[in-house]
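> Dropping in run02.tsv, which is TSV, C-alpha atoms:
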```
chain	number	residue	atom	x	y	z
A	1492	MET	CA	-14.38	-215.30	55.45
A	1493	ASN	CA	-15.56	-212.61	57.86
A	1494	LYS	CA	-12.83	-211.06	59.94
A	1495	VAL	CA	-13.31	-210.67	63.70
A	1496	ASN	CA	-11.74	-207.45	64.94
A	1497	ILE	CA	-10.25	-207.95	68.41
A	1498	ALA	CA	-8.84	-205.32	70.76
A	1499	LEU	CA	-6.43	-206.37	73.49
A	1500	ILE	CA	-6.07	-205.10	77.06
A	1501	GLY	CA	-2.92	-206.28	78.82
A	1502	ALA	CA	0.66	-206.97	77.76
A	1503	GLY	CA	1.77	-209.35	80.50
A	1504	GLY	CA	3.28	-212.80	80.53
A	1505	MET	CA	0.19	-214.86	79.69
A	1506	ALA	CA	-0.78	-212.42	76.97
A	1507	ASN	CA	2.63	-212.62	75.31
A	1508	GLY	CA	3.24	-216.28	76.05
A	1509	VAL	CA	0.05	-218.01	74.95
A	1510	HIS	CA	-2.95	-215.81	74.12
A	1511	TYR	CA	-1.59	-213.42	71.51
A	1512	PRO	CA	0.52	-216.12	69.78
A	1513	SER	CA	-2.73	-218.05	69.34
A	1514	LEU	CA	-4.75	-215.11	68.00
A	1515	SER	CA	-1.97	-214.04	65.65
A	1516	GLU	CA	-2.23	-217.39	63.83
A	1517	PHE	CA	-5.94	-217.03	63.00
A	1518	GLU	CA	-6.60	-215.89	59.45
A	1519	ASP	CA	-10.07	-214.64	60.41
A	1520	VAL	CA	-8.84	-212.29	63.17
A	1521	ASN	CA	-7.57	-208.72	63.03
A	1522	LEU	CA	-5.73	-207.43	66.10
A	1523	VAL	CA	-6.91	-203.84	65.88
A	1524	GLY	CA	-5.46	-202.33	69.06
A	1525	LEU	CA	-3.45	-202.97	72.22
A	1526	CYS	CA	-3.70	-201.19	75.56
A	1527	ASP	CA	-1.43	-201.33	78.58
A	1528	PHE	CA	-0.50	-198.80	81.27
A	1529	VAL	CA	3.21	-199.67	81.08
A	1530	GLU	CA	4.44	-198.16	77.85
A	1531	SER	CA	7.60	-200.27	77.58
A	1532	LYS	CA	5.52	-203.48	77.71
A	1533	LEU	CA	2.93	-201.96	75.42
A	1534	HIS	CA	5.36	-201.14	72.62
A	1535	THR	CA	7.37	-204.36	72.94
A	1536	THR	CA	4.21	-206.45	72.67
A	1537	ALA	CA	2.76	-204.37	69.83
A	1538	GLU	CA	5.97	-204.78	67.83
A	1539	LYS	CA	6.11	-208.51	68.54
A	1540	PHE	CA	2.59	-209.11	67.18
A	1541	GLN	CA	2.58	-206.33	64.59
A	1542	ILE	CA	-0.24	-204.36	66.21
A	1543	GLU	CA	-0.31	-200.89	64.71
A	1544	HIS	CA	-2.51	-198.98	67.15
A	1545	THR	CA	-1.47	-198.71	70.81
A	1546	PHE	CA	-3.15	-197.01	73.75
A	1547	THR	CA	-2.76	-196.40	77.47
A	1548	ASP	CA	-6.50	-195.66	77.85
A	1549	TYR	CA	-8.72	-198.62	77.03
A	1550	ARG	CA	-11.82	-196.47	76.55
A	1551	LYS	CA	-10.07	-194.49	73.80
A	1552	MET	CA	-8.98	-197.75	72.20
A	1553	LEU	CA	-12.57	-199.01	72.10
A	1554	GLU	CA	-13.84	-195.71	70.68
A	1555	GLN	CA	-11.19	-195.51	67.96
A	1556	THR	CA	-11.01	-199.17	66.91
A	1557	SER	CA	-14.66	-200.31	67.32
A	1558	PRO	CA	-13.75	-203.97	67.90
A	1559	ASN	CA	-16.12	-206.93	67.75
A	1560	ALA	CA	-14.44	-208.45	70.81
A	1561	VAL	CA	-12.01	-207.58	73.56
A	1562	TYR	CA	-9.45	-209.73	75.38
A	1563	ILE	CA	-9.12	-208.39	78.94
A	1564	LEU	CA	-6.04	-209.96	80.48
A	1565	MET	CA	-5.77	-208.17	83.80
A	1566	PRO	CA	-5.31	-209.16	87.46
A	1567	PRO	CA	-8.68	-210.19	88.97
A	1568	GLN	CA	-8.95	-207.16	91.25
A	1569	HIS	CA	-8.90	-204.85	88.21
A	1570	LEU	CA	-11.11	-206.95	85.96
A	1571	PHE	CA	-14.70	-206.11	86.87
A	1572	PRO	CA	-15.13	-202.47	85.76
A	1573	LEU	CA	-13.36	-203.12	82.46
A	1574	VAL	CA	-15.56	-206.12	81.70
A	1575	ILE	CA	-18.76	-204.26	82.57
A	1576	HIS	CA	-17.78	-201.29	80.40
A	1577	CYS	CA	-16.87	-203.47	77.40
A	1578	LEU	CA	-20.14	-205.39	77.69
A	1579	SER	CA	-22.10	-202.12	77.97
A	1580	GLN	CA	-20.59	-201.15	74.61
A	1581	LYS	CA	-21.73	-204.51	73.17
A	1582	HIS	CA	-18.26	-205.95	72.73
A	1583	HIS	CA	-17.81	-209.69	73.15
A	1584	VAL	CA	-15.38	-210.41	76.00
A	1585	PHE	CA	-12.69	-212.99	76.77
A	1586	ILE	CA	-11.05	-213.06	80.22
A	1587	GLU	CA	-8.62	-215.31	82.05
A	1588	LYS	CA	-9.64	-217.13	85.20
A	1589	PRO	CA	-10.83	-216.40	87.84
A	1590	PRO	CA	-14.14	-214.93	86.60
A	1591	GLY	CA	-14.09	-212.13	89.17
A	1592	ILE	CA	-12.98	-212.23	92.78
A	1593	THR	CA	-16.48	-212.94	94.12
A	1594	MET	CA	-19.61	-214.77	93.06
A	1595	HIS	CA	-21.36	-211.40	92.96
A	1596	GLN	CA	-18.96	-210.09	90.32
A	1597	THR	CA	-19.33	-213.24	88.22
A	1598	LYS	CA	-23.12	-213.02	88.31
A	1599	GLU	CA	-23.10	-209.31	87.49
A	1600	MET	CA	-20.86	-209.92	84.48
A	1601	ALA	CA	-23.15	-212.72	83.29
A	1602	LEU	CA	-26.20	-210.48	83.67
A	1603	ALA	CA	-24.52	-207.68	81.71
A	1604	ALA	CA	-23.55	-210.10	78.94
A	1605	GLU	CA	-27.13	-211.33	78.66
A	1606	LYS	CA	-28.55	-207.80	78.73
A	1607	HIS	CA	-26.30	-206.58	75.92
A	1608	GLY	CA	-26.31	-209.78	73.82
A	1609	CYS	CA	-22.57	-210.44	74.13
A	1610	LYS	CA	-20.57	-213.62	73.73
A	1611	THR	CA	-18.27	-214.20	76.70
A	1612	MET	CA	-15.59	-216.69	77.65
A	1613	VAL	CA	-13.47	-217.52	80.69
A	1614	GLY	CA	-10.07	-219.07	79.93
A	1615	PHE	CA	-10.60	-222.48	81.53
A	1616	ASN	CA	-8.08	-223.89	79.10
A	1617	ARG	CA	-7.97	-227.42	80.55
A	1618	ARG	CA	-11.21	-228.19	78.74
A	1619	PHE	CA	-9.50	-227.31	75.45
A	1620	ILE	CA	-6.28	-229.28	75.85
A	1621	PRO	CA	-6.25	-231.54	72.76
A	1622	LEU	CA	-5.08	-234.54	74.80
A	1623	MET	CA	-7.91	-234.09	77.31
A	1624	GLN	CA	-10.48	-233.72	74.56
A	1625	LYS	CA	-9.22	-236.74	72.62
A	1626	VAL	CA	-9.10	-239.01	75.67
A	1627	LYS	CA	-12.53	-237.90	76.87
A	1628	GLN	CA	-13.98	-238.73	73.47
A	1629	ILE	CA	-12.38	-242.19	73.50
A	1630	VAL	CA	-13.54	-242.92	77.04
A	1631	GLU	CA	-17.10	-241.80	76.37
A	1632	GLU	CA	-17.35	-244.05	73.33
A	1633	ASN	CA	-17.60	-246.84	75.93
A	1634	GLY	CA	-20.36	-245.05	77.84
A	1635	PRO	CA	-20.71	-242.09	80.19
A	1636	ILE	CA	-17.94	-241.26	82.64
A	1637	ILE	CA	-18.84	-242.84	85.99
A	1638	GLN	CA	-15.81	-241.72	87.99
A	1639	CYS	CA	-13.31	-238.91	87.50
A	1640	MET	CA	-10.52	-237.18	89.36
A	1641	SER	CA	-8.84	-233.80	89.08
A	1642	THR	CA	-5.50	-233.40	90.88
A	1643	PHE	CA	-3.51	-230.18	91.21
A	1644	HIS	CA	-0.50	-229.88	93.53
A	1645	LYS	CA	2.18	-227.23	94.00
A	1646	ASN	CA	5.01	-226.43	96.40
A	1647	SER	CA	3.85	-222.95	97.45
A	1648	PRO	CA	2.50	-223.41	101.01
A	1649	ASN	CA	2.34	-219.67	101.69
A	1650	ALA	CA	0.99	-218.67	98.30
A	1651	LEU	CA	-0.49	-215.17	98.44
A	1652	TYR	CA	-2.30	-214.25	95.23
A	1653	TYR	CA	-2.29	-210.56	94.32
A	1654	ASP	CA	-1.27	-209.51	97.84
A	1655	GLY	CA	-4.10	-211.50	99.37
A	1656	VAL	CA	-6.93	-210.17	97.21
A	1657	ILE	CA	-8.11	-213.70	96.40
A	1658	ASP	CA	-7.71	-217.20	97.84
A	1659	VAL	CA	-5.87	-220.20	96.39
A	1660	LEU	CA	-8.95	-222.21	95.45
A	1661	THR	CA	-10.81	-219.39	93.69
A	1662	CYS	CA	-7.76	-217.95	91.94
A	1663	ASP	CA	-5.68	-220.93	90.81
A	1664	ALA	CA	-6.99	-224.33	91.91
A	1665	ILE	CA	-10.24	-223.30	90.23
A	1666	HIS	CA	-8.72	-224.83	87.09
A	1667	ALA	CA	-8.99	-228.24	88.74
A	1668	VAL	CA	-12.53	-227.47	89.94
A	1669	ASP	CA	-13.73	-226.47	86.48
A	1670	ALA	CA	-12.07	-229.47	84.84
A	1671	LEU	CA	-13.82	-231.76	87.34
A	1672	ARG	CA	-17.19	-230.20	86.46
A	1673	TRP	CA	-16.48	-230.81	82.79
A	1674	LEU	CA	-15.50	-234.43	83.37
A	1675	GLY	CA	-18.49	-235.10	85.64
A	1676	GLY	CA	-20.86	-234.25	82.81
A	1677	GLY	CA	-23.69	-232.89	84.92
A	1678	ASP	CA	-24.76	-230.43	87.55
A	1679	VAL	CA	-23.52	-230.82	91.11
A	1680	GLN	CA	-25.85	-232.81	93.34
A	1681	ALA	CA	-23.84	-233.01	96.58
A	1682	VAL	CA	-20.39	-232.10	97.95
A	1683	ALA	CA	-18.30	-233.14	100.95
A	1684	SER	CA	-14.91	-231.53	101.46
A	1685	ASP	CA	-11.79	-231.53	103.62
A	1686	ILE	CA	-9.84	-228.25	103.75
A	1687	ASN	CA	-6.55	-227.78	105.60
A	1688	ARG	CA	-3.67	-225.46	106.37
A	1689	PHE	CA	-0.34	-227.24	106.00
A	1690	TYR	CA	2.79	-225.34	107.13
A	1691	SER	CA	0.95	-222.07	106.53
A	1692	GLU	CA	-1.42	-219.64	108.19
A	1693	ARG	CA	-3.61	-219.84	105.07
A	1694	GLU	CA	-5.76	-222.69	103.77
A	1695	ASN	CA	-3.78	-224.40	101.04
A	1696	SER	CA	-5.24	-227.89	100.64
A	1697	PHE	CA	-8.70	-228.53	99.17
A	1698	ASN	CA	-10.08	-232.02	98.73
A	1699	ALA	CA	-13.66	-232.89	97.83
A	1700	LEU	CA	-16.00	-235.69	96.85
A	1701	VAL	CA	-18.56	-234.45	94.34
A	1702	LYS	CA	-21.70	-236.29	93.26
A	1703	PHE	CA	-23.00	-235.19	89.87
A	1704	THR	CA	-26.56	-235.43	88.56
A	1705	SER	CA	-25.13	-237.55	85.72
A	1706	GLY	CA	-24.43	-240.25	88.31
A	1707	ALA	CA	-20.68	-239.76	88.18
A	1708	SER	CA	-18.50	-239.50	91.26
A	1709	GLY	CA	-15.85	-236.80	91.12
A	1710	TYR	CA	-12.75	-236.34	93.27
A	1711	LEU	CA	-10.87	-233.09	93.70
A	1712	CYS	CA	-7.37	-233.42	95.19
A	1713	THR	CA	-5.31	-230.26	95.62
A	1714	ASN	CA	-2.45	-229.38	97.95
A	1715	TRP	CA	-0.12	-226.39	97.70
A	1716	ALA	CA	2.33	-227.70	100.36
A	1717	VAL	CA	3.73	-230.80	98.68
A	1718	GLY	CA	6.59	-231.73	96.36
A	1719	GLY	CA	5.91	-229.64	93.29
A	1720	ARG	CA	3.57	-228.98	90.40
A	1721	ILE	CA	1.55	-232.05	89.47
A	1722	HIS	CA	-1.64	-231.59	87.46
A	1723	THR	CA	-3.24	-234.87	86.44
A	1724	PHE	CA	-6.67	-236.28	85.68
A	1725	GLU	CA	-8.53	-239.58	85.63
A	1726	MET	CA	-11.55	-240.63	83.56
A	1727	HIS	CA	-13.32	-243.97	84.04
A	1728	ALA	CA	-16.22	-245.49	82.09
A	1729	GLN	CA	-17.43	-249.03	81.52
A	1730	GLY	CA	-14.42	-251.20	80.66
A	1731	ILE	CA	-11.97	-248.31	80.27
A	1732	SER	CA	-9.77	-246.16	82.49
A	1733	ALA	CA	-7.61	-243.22	81.48
A	1734	TYR	CA	-4.83	-241.54	83.47
A	1735	ILE	CA	-3.77	-238.22	81.98
A	1736	ASN	CA	-0.78	-235.95	82.52
A	1737	PRO	CA	-1.16	-233.18	79.92
A	1738	ASP	CA	2.04	-231.33	80.83
A	1739	ALA	CA	5.06	-231.36	78.52
A	1740	GLY	CA	6.72	-234.76	78.79
A	1741	GLY	CA	3.51	-236.31	80.10
A	1742	ALA	CA	1.10	-238.71	78.47
A	1743	ALA	CA	-2.32	-240.30	78.70
A	1744	ILE	CA	-2.41	-244.02	79.48
A	1745	LEU	CA	-5.65	-245.76	78.53
A	1746	HIS	CA	-6.41	-249.20	79.99
A	1747	THR	CA	-8.94	-251.63	78.49
A	1748	HIS	CA	-9.29	-255.42	78.41
A	1749	GLU	CA	-7.28	-255.28	75.16
A	1750	GLY	CA	-4.28	-253.69	76.89
A	1751	LYS	CA	-2.73	-250.24	77.27
A	1752	THR	CA	-2.55	-247.32	74.84
A	1753	GLU	CA	-0.39	-244.23	75.27
A	1754	ILE	CA	-0.97	-240.80	73.71
A	1755	THR	CA	1.31	-237.81	74.27
A	1756	PRO	CA	0.18	-234.17	74.42
A	1757	GLU	CA	2.24	-233.42	71.33
A	1758	GLU	CA	0.61	-236.24	69.35
A	1759	ALA	CA	-2.88	-235.10	70.27
A	1760	ALA	CA	-2.14	-231.46	69.36
A	1761	ASN	CA	0.02	-232.29	66.35
A	1762	SER	CA	2.40	-229.69	67.75
A	1763	ASP	CA	5.02	-229.21	70.46
A	1764	SER	CA	4.16	-225.54	71.05
A	1765	VAL	CA	2.83	-225.00	74.57
A	1766	HIS	CA	0.07	-222.64	73.48
A	1767	LYS	CA	-1.30	-225.49	71.36
A	1768	THR	CA	-0.60	-228.53	73.55
A	1769	TYR	CA	-2.05	-226.87	76.65
A	1770	GLY	CA	-5.32	-225.64	75.21
A	1771	PHE	CA	-4.75	-221.92	74.82
A	1772	TYR	CA	-4.94	-222.06	71.03
A	1773	GLY	CA	-8.04	-224.23	71.25
A	1774	GLU	CA	-9.91	-221.97	73.64
A	1775	SER	CA	-9.26	-218.88	71.52
A	1776	ARG	CA	-10.26	-220.78	68.39
A	1777	HIS	CA	-13.48	-221.78	70.14
A	1778	PHE	CA	-14.18	-218.16	71.16
A	1779	VAL	CA	-13.67	-216.83	67.64
A	1780	ASP	CA	-15.72	-219.66	66.12
A	1781	CYS	CA	-18.59	-218.92	68.49
A	1782	ILE	CA	-18.56	-215.26	67.43
A	1783	GLN	CA	-18.55	-216.33	63.79
A	1784	GLN	CA	-21.37	-218.85	64.37
A	1785	ASP	CA	-23.42	-216.65	66.73
A	1786	LYS	CA	-23.43	-219.06	69.65
A	1787	GLN	CA	-22.34	-218.83	73.26
A	1788	PRO	CA	-18.94	-220.35	74.18
A	1789	LEU	CA	-18.88	-223.40	76.46
A	1790	THR	CA	-17.12	-221.51	79.25
A	1791	CYS	CA	-19.22	-218.35	79.04
A	1792	PHE	CA	-19.85	-216.23	82.12
A	1793	ALA	CA	-23.16	-218.01	82.81
A	1794	ASP	CA	-21.34	-221.35	82.89
A	1795	ALA	CA	-18.56	-219.87	85.04
A	1796	ILE	CA	-21.18	-219.18	87.71
A	1797	LYS	CA	-21.57	-222.96	88.10
A	1798	THR	CA	-17.83	-223.38	88.64
A	1799	MET	CA	-17.86	-220.59	91.21
A	1800	GLU	CA	-20.85	-222.26	92.88
A	1801	LEU	CA	-18.84	-225.48	93.18
A	1802	VAL	CA	-15.98	-223.50	94.75
A	1803	GLN	CA	-18.48	-222.11	97.27
A	1804	ALA	CA	-19.92	-225.57	97.94
A	1805	ILE	CA	-16.44	-226.91	98.67
A	1806	TYR	CA	-15.97	-224.21	101.30
A	1807	GLN	CA	-19.45	-224.68	102.77
A	1808	ASN	CA	-19.56	-228.49	103.05
A	1809	ARG	CA	-16.50	-229.32	105.12
A	1810	LEU	CA	-16.27	-232.57	107.02
```
What's the structure tokens form of this structure?


Amino acid sequence: MNKVNIALIGAGGMANGVHYPSLSEFEDVNLVGLCDFVESKLHTTAEKFQIEHTFTDYRKMLEQTSPNAVYILMPPQHLFPLVIHCLSQKHHVFIEKPPGITMHQTKEMALAAEKHGCKTMVGFNRRFIPLMQKVKQIVEENGPIIQCMSTFHKNSPNALYYDGVIDVLTCDAIHAVDALRWLGGGDVQAVASDINRFYSERENSFNALVKFTSGASGYLCTNWAVGGRIHTFEMHAQGISAYINPDAGGAAILHTHEGKTEITPEEAANSDSVHKTYGFYGESRHFVDCIQQDKQPLTCFADAIKTMELVQAIYQNRL
């Protein structure tokens, strides 16, 4: 088995909570270096995951460790120059969402990846949630998805991401947008949207009807001014409907003429660890497998452009 040498930039909450626990379980991965500007976080994380070589300068880390790939887990306003530099050195790159703070940045990163022959991936983990994947497979055994819905609600009406650097839809609700694209199974043909400010000076509710070239109708329903975090999905095909809550304690309920079937996130993942039930393990496994198999990941930078385009279309096609 060939080992993939991965260098890590960032020692924050997501890195420690879900990404590095996933990578540390892969037998075909070596974690060759860790970089963070905050030395206390750097050393705590390095000790936790037994990473020998630590740095506060990511360029020195790349020079001294010569990794195959780099995980860049940084706030979006700091992401772009690091990604471009890593790609210029021909390192494969994994980043969290959003894929840049503008469409321009996303396209530039995709161009750089193509120019230097790099594999890239954006952490749209909803596509890799075992429960979502299992239910989608079952539904599509009855035929293509003809209707789907992606719902994401929170109680943060005045949410201000990174001191206002980026908006709610592009930064966070983009998870629901990307999941809807995945469920719709085709390119976007048309969009109509309703965007509102509820109890806030900022837009915090984004709702859209999306027609896909596959023929499917997609519905985006997001609101940051309601009761609390609810993140659910629907998939409908001929003779079958599925209602999915992939959060801990949730379940998928499948309805057919034969009756109802229930599957829990833990059953689908064969685990009760959040990094496995919520797709983080799966997305990293997919990234490493694509490097091993010399193919582009499903959520590469070029694909992320399409999700950013749908975000733009939602803004541009208001009722």

> Tell me, in Å to one decimal, how far atom CA of Leu1602 of chain A is from atom CA of His1582 of chain A.

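We find that atom CA of Leu1602 of chain A and atom CA of His1582 of chain A lie 14.3 Å from each other.
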
> Would you please work out which residue, of A:Val1626, A:Asn1698, A:Lys1606, A:Met1594, is nearest to Ala1742 of chain A when using only C-alpha atoms?

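Ranking A:Val1626, A:Asn1698, A:Lys1606, A:Met1594 by distance to Ala1742 of chain A, first place goes to A:Val1626.
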
> What are the closest atom pairs, with distances in Å to one decimal, for all residues of segment 1523-1610 of chain A lying within 10 Å of segment 1661-1679 of chain A? Consider all atoms listed in the file, order rows by chain and residue number, and present the result as JSON lines.


```
{"residue": "A:Pro1567", "atom": "CA", "partner": "A:Cys1662", "partner_atom": "CA", "distance": 8.4}
{"residue": "A:Lys1588", "atom": "CA", "partner": "A:Cys1662", "partner_atom": "CA", "distance": 7.0}
{"residue": "A:Pro1589", "atom": "CA", "partner": "A:Cys1662", "partner_atom": "CA", "distance": 5.4}
{"residue": "A:Pro1590", "atom": "CA", "partner": "A:Cys1662", "partner_atom": "CA", "distance": 8.9}
{"residue": "A:Gly1591", "atom": "CA", "partner": "A:Cys1662", "partner_atom": "CA", "distance": 9.0}
{"residue": "A:Ile1592", "atom": "CA", "partner": "A:Thr1661", "partner_atom": "CA", "distance": 7.5}
{"residue": "A:Thr1593", "atom": "CA", "partner": "A:Thr1661", "partner_atom": "CA", "distance": 8.6}
{"residue": "A:Met1594", "atom": "CA", "partner": "A:Thr1661", "partner_atom": "CA", "distance": 10.0}
```

> Could you check the closest approach to Ala1759 of chain A for each of A:Pro1621, A:Gly1508, A:Gly1501, A:Gly1634 and tell me which residue wins, using all atoms listed in the file?

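Ranked by minimum distance to Ala1759 of chain A, first place goes to A:Pro1621.
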
> For Tyr1511 of chain A, find every residue with an atom within 9 Å (counting all atoms listed in the file), except residues of its own chain fewer than 5 positions away, and show them as number ranges by chain.

A: 1499, 1505-1506, 1516, 1540

> For each of A:Ile1637, A:Asn1736, A:Gly1718, A:Ile1586, take the minimum atom-to-atom distance to Thr1704 of chain A, counting only C-alpha atoms, then give the residue where this is smallest.

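Going through A:Ile1637, A:Asn1736, A:Gly1718, A:Ile1586 one by one, the smallest distance to Thr1704 of chain A is for A:Ile1637.
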
> State, in Å with one decimal place, the distance from atom CA of Ala1716 of chain A to atom CA of Ser1647 of chain A.

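Calculated distance between atom CA of Ala1716 of chain A and atom CA of Ser1647 of chain A is 5.8 Å.
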
> Find the residues near segment 1784-1789 of chain A: any atom within 12 Å, counting all atoms listed in the file, skip ones fewer than 6 places away on the same chain, and give them as number ranges by chain.

A: 1492-1493, 1495, 1583-1585, 1601, 1604-1605, 1608-1616, 1618-1619, 1669, 1673, 1773-1778, 1795, 1797

> Write out, as a short mmCIF file (atom, residue, chain, number, x, y, z; two decimals), in the coordinates of the input, the residues just selected, with C-alpha atoms.


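File again08.cif, as written:
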```
data_model
loop_
_atom_site.label_atom_id
_atom_site.label_comp_id
_atom_site.auth_asym_id
_atom_site.auth_seq_id
_atom_site.Cartn_x
_atom_site.Cartn_y
_atom_site.Cartn_z
CA MET A 1492 -14.38 -215.30 55.45
CA ASN A 1493 -15.56 -212.61 57.86
CA VAL A 1495 -13.31 -210.67 63.70
CA HIS A 1583 -17.81 -209.69 73.15
CA VAL A 1584 -15.38 -210.41 76.00
CA PHE A 1585 -12.69 -212.99 76.77
CA ALA A 1601 -23.15 -212.72 83.29
CA ALA A 1604 -23.55 -210.10 78.94
CA GLU A 1605 -27.13 -211.33 78.66
CA GLY A 1608 -26.31 -209.78 73.82
CA CYS A 1609 -22.57 -210.44 74.13
CA LYS A 1610 -20.57 -213.62 73.73
CA THR A 1611 -18.27 -214.20 76.70
CA MET A 1612 -15.59 -216.69 77.65
CA VAL A 1613 -13.47 -217.52 80.69
CA GLY A 1614 -10.07 -219.07 79.93
CA PHE A 1615 -10.60 -222.48 81.53
CA ASN A 1616 -8.08 -223.89 79.10
CA ARG A 1618 -11.21 -228.19 78.74
CA PHE A 1619 -9.50 -227.31 75.45
CA ASP A 1669 -13.73 -226.47 86.48
CA TRP A 1673 -16.48 -230.81 82.79
CA GLY A 1773 -8.04 -224.23 71.25
CA GLU A 1774 -9.91 -221.97 73.64
CA SER A 1775 -9.26 -218.88 71.52
CA ARG A 1776 -10.26 -220.78 68.39
CA HIS A 1777 -13.48 -221.78 70.14
CA PHE A 1778 -14.18 -218.16 71.16
CA ALA A 1795 -18.56 -219.87 85.04
CA LYS A 1797 -21.57 -222.96 88.10
#
```

> Have a look at A:Ala1537, A:Val1656, A:Met1565, A:Ala1733 and name the one nearest to Gln1638 of chain A; count only C-alpha atoms.

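Comparing A:Ala1537, A:Val1656, A:Met1565, A:Ala1733 against Gln1638 of chain A, the winner is A:Ala1733.
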
> Given only C-alpha atoms as the basis, pick out the residue of A:His1766, A:Lys1551, A:Lys1751, A:His1607 nearest to Ser1579 of chain A.

A:His1607

> When distances are computed from only C-alpha atoms, which of A:Gln1803, A:Ser1696, A:Ser1515, A:Asn1559 shows the smallest separation from Val1682 of chain A?

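The shortest atom-to-atom distance to Val1682 of chain A comes from A:Gln1803.
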
> Work out how far atom CA of Met1600 of chain A is from atom CA of Ile1500 of chain A, in Å to one decimal.

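The value is 17.2 Å.
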
> Put a box with edges along x, y and z around all the listed atoms of segment 1541-1559 of chain A, pad it by 4 Å on each side, then give me its centre and sizes in Å, one decimal, as lines of an AutoDock Vina configuration file.


```
center_x = -6.8
center_y = -200.7
center_z = 71.2
size_x = 26.7
size_y = 20.4
size_z = 21.3
```

> As a list in words, please: the residues near Glu1725 of chain A (cut-off 7 Å, only C-alpha atoms, same-chain neighbours under 4 positions excluded).

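Contacts, in chain order: Cys1639, Met1640, Ser1641, Ala1733, Tyr1734 and Ile1735 of chain A.
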